[in-house]
Amino acid sequence: MEETKIVYGTEDLLTSLCNSVTRVLGIATQTKVHYSAMVQRITKVGLKPDIGCFVLFDGGFTGLVVLNFAAETAMEIYSRYMLHMGMPKSELASSHTSDEVSNILGELMNQIVGDFTGKVRRELQTNITQNQPKMLVLTKQVMLSVDTPLDRPEMRRVSFYTEKSNVFYLELAIDRTEFVRLYEFDANEIPDPDALLAFEQENQAAEAAPAVVEAEDNDELLRSLGM
């Protein structure tokens, strides 16, 4: 019984979220992103220059996730992502204030939190939902508070480093919670995104094939009628 009562707390949730950040950004930019082994306990979370992004989640537990990027960091992540997607370097946005940069970082933030909520469902057997990320270009710091009151709030800040040693920060505000495992269970493995993409393409091809056959049948019918 003692072996099964494994406690999963705030630091474990934070580590899982940090791993989602490095996983999603690593795949999106095809570069190495890592985070500090040291975490800061903070008393407030906020958006900081030059670009700040935040997402609220609710359900099994409530929290707020913030990512703060300096201009150089934002441009590195944006340009690496777009070049990996096949965009010519000449067509990239030239400034971090461009809407395109904010949109891409917002989409990556959405993927990060989506990856995290998926792990929460599999590994903690509870459900949380997220809102759409909000992305702001800032010149001053803006403090945030979670809409749903937190009874025992815990706040953390983690430093992340890109391949070019540019820094960005993740801040997490969450109600203090612990998950205790009552019995053994198998958490599903994270699906391979490439395999999922190939599977989806096969499904689309399979759906398109009957339409082609049906068109050929219609042509044959029209010819038999002399049309």
# chains A, B, ... in the order shown; residues from 1 in each chain; ligands from 1
$ residues_around --residues "stretch 91-100 of chain A" --least-positions-apart "6" --cutoff "7 Å" --atoms "only C-alpha atoms" --output "PyMOL selection string"
chain A and resi 71+74-75+79+137
$ write_last_selection --atoms "all heavy atoms" --output "PDB file, in the first residue's frame"
ATOM      1  N   ALA A  71      12.522  40.573 -27.049  1.00  0.00           N
ATOM      2  CA  ALA A  71      12.369  40.701 -28.495  1.00  0.00           C
ATOM      3  C   ALA A  71      13.269  39.731 -29.247  1.00  0.00           C
ATOM      4  O   ALA A  71      12.836  39.072 -30.200  1.00  0.00           O
ATOM      5  CB  ALA A  71      12.679  42.144 -28.916  1.00  0.00           C
ATOM      6  N   ALA A  74      11.917  36.141 -28.947  1.00  0.00           N
ATOM      7  CA  ALA A  74      10.701  35.972 -29.748  1.00  0.00           C
ATOM      8  C   ALA A  74      11.040  35.829 -31.224  1.00  0.00           C
ATOM      9  O   ALA A  74      10.501  34.965 -31.922  1.00  0.00           O
ATOM     10  CB  ALA A  74       9.762  37.162 -29.528  1.00  0.00           C
ATOM     11  N   MET A  75      11.961  36.663 -31.708  1.00  0.00           N
ATOM     12  CA  MET A  75      12.323  36.620 -33.131  1.00  0.00           C
ATOM     13  C   MET A  75      13.070  35.337 -33.470  1.00  0.00           C
ATOM     14  O   MET A  75      12.900  34.779 -34.567  1.00  0.00           O
ATOM     15  CB  MET A  75      13.161  37.840 -33.495  1.00  0.00           C
ATOM     16  CG  MET A  75      12.380  39.148 -33.487  1.00  0.00           C
ATOM     17  SD  MET A  75      10.926  39.118 -34.584  1.00  0.00           S
ATOM     18  CE  MET A  75      11.724  38.964 -36.188  1.00  0.00           C
ATOM     19  N   SER A  79      11.408  32.942 -36.183  1.00  0.00           N
ATOM     20  CA  SER A  79      12.107  32.721 -37.450  1.00  0.00           C
ATOM     21  C   SER A  79      12.481  31.260 -37.628  1.00  0.00           C
ATOM     22  O   SER A  79      12.346  30.708 -38.731  1.00  0.00           O
ATOM     23  CB  SER A  79      13.353  33.614 -37.528  1.00  0.00           C
ATOM     24  OG  SER A  79      14.255  33.334 -36.459  1.00  0.00           O
ATOM     25  N   VAL A 137       2.066  42.690 -26.996  1.00  0.00           N
ATOM     26  CA  VAL A 137       3.363  43.354 -27.138  1.00  0.00           C
ATOM     27  C   VAL A 137       3.399  44.470 -26.101  1.00  0.00           C
ATOM     28  O   VAL A 137       2.500  45.314 -26.049  1.00  0.00           O
ATOM     29  CB  VAL A 137       3.544  43.929 -28.556  1.00  0.00           C
ATOM     30  CG1 VAL A 137       4.878  44.667 -28.658  1.00  0.00           C
ATOM     31  CG2 VAL A 137       3.463  42.810 -29.591  1.00  0.00           C
TER      32      VAL A 137
END
$ residues_around --residues "stretch 159-170 of chain A" --least-positions-apart "3" --cutoff "6 Å" --atoms "only C-alpha atoms" --output "list of chain:residue names"
A:Lys32, A:Val33, A:His34, A:Tyr35, A:Ser36, A:Val66, A:Leu67, A:Asn68, A:Phe69, A:Thr73
$ residues_around --residues "A:Lys44" --least-positions-apart "2" --cutoff "7 Å" --atoms "only C-alpha atoms" --output "MDAnalysis selection string"
chainID A and resid 42 46 155
$ closest_atom_pairs --of "stretch 8-76 of chain A" --to "stretch 123-136 of chain A" --cutoff "8 Å" --atoms "only C-alpha atoms" --output "Markdown table"
| residue | atom | partner | partner_atom | distance |
| --- | --- | --- | --- | --- |
| A:Ile51 | CA | A:Leu136 | CA | 5.7 |
| A:Gly52 | CA | A:Leu136 | CA | 5.4 |
| A:Cys53 | CA | A:Met135 | CA | 4.4 |
| A:Phe54 | CA | A:Lys134 | CA | 5.5 |
| A:Val55 | CA | A:Pro133 | CA | 4.8 |
| A:Leu56 | CA | A:Gln130 | CA | 5.8 |
| A:Phe57 | CA | A:Gln130 | CA | 4.2 |
| A:Asp58 | CA | A:Ile128 | CA | 5.3 |
| A:Gly59 | CA | A:Ile128 | CA | 4.4 |
| A:Gly60 | CA | A:Asn127 | CA | 5.5 |
| A:Phe61 | CA | A:Ile128 | CA | 6.9 |
| A:Thr62 | CA | A:Ile128 | CA | 8.0 |
$ write_last_selection --atoms "N, CA and C atoms" --output "short mmCIF file (atom, residue, chain, number, x, y, z; two decimals), in the first residue's frame"
data_model
loop_
_atom_site.label_atom_id
_atom_site.label_comp_id
_atom_site.auth_asym_id
_atom_site.auth_seq_id
_atom_site.Cartn_x
_atom_site.Cartn_y
_atom_site.Cartn_z
N ILE A 51 7.27 40.71 -25.21
CA ILE A 51 6.03 40.01 -25.56
C ILE A 51 5.63 39.11 -24.39
N GLY A 52 4.40 39.23 -23.96
CA GLY A 52 3.88 38.37 -22.89
C GLY A 52 2.66 37.61 -23.38
N CYS A 53 2.54 36.37 -22.96
CA CYS A 53 1.41 35.53 -23.36
C CYS A 53 0.89 34.81 -22.13
N PHE A 54 -0.43 34.70 -21.99
CA PHE A 54 -0.97 33.99 -20.85
C PHE A 54 -2.16 33.13 -21.25
N VAL A 55 -2.35 32.06 -20.49
CA VAL A 55 -3.46 31.12 -20.68
C VAL A 55 -4.01 30.74 -19.32
N LEU A 56 -5.33 30.77 -19.19
CA LEU A 56 -6.01 30.29 -17.99
C LEU A 56 -6.49 28.86 -18.22
N PHE A 57 -6.42 28.03 -17.18
CA PHE A 57 -7.03 26.70 -17.27
C PHE A 57 -7.84 26.43 -16.01
N ASP A 58 -8.85 25.58 -16.17
CA ASP A 58 -9.77 25.30 -15.08
C ASP A 58 -10.26 23.87 -15.20
N GLY A 59 -10.83 23.35 -14.14
CA GLY A 59 -11.33 21.98 -14.14
C GLY A 59 -10.92 21.28 -12.87
N GLY A 60 -10.11 20.21 -13.01
CA GLY A 60 -9.64 19.48 -11.85
C GLY A 60 -8.84 20.37 -10.90
N PHE A 61 -8.15 21.34 -11.46
CA PHE A 61 -7.49 22.37 -10.67
C PHE A 61 -7.41 23.63 -11.53
N THR A 62 -7.20 24.77 -10.88
CA THR A 62 -7.22 26.06 -11.57
C THR A 62 -5.83 26.65 -11.59
#
$ select_by_dssp --residues "stretch 10-200 of chain A" --states "strand (DSSP E or B)" --output "ChimeraX atom specification"
/A:34-35,40-41,45-47,51-59,63-69,128-130,134-137,142-144,153-161,167-175,179-180
$ residues_around --residues "A:Phe116" --least-positions-apart "2" --cutoff "12 Å" --atoms "only C-alpha atoms" --output "PyMOL selection string"
chain A and resi 12-24+57+65+109-114+118-124+127-130+190
$ closest_residue --among "A:Thr117, A:Ser90, A:Val7, A:Thr43" --to "A:Arg152" --atoms "only C-alpha atoms"
A:Thr43
$ atom_distance --atom1 "atom CA of A:Thr177" --atom2 "atom CA of A:Gly9"
6.1 Å
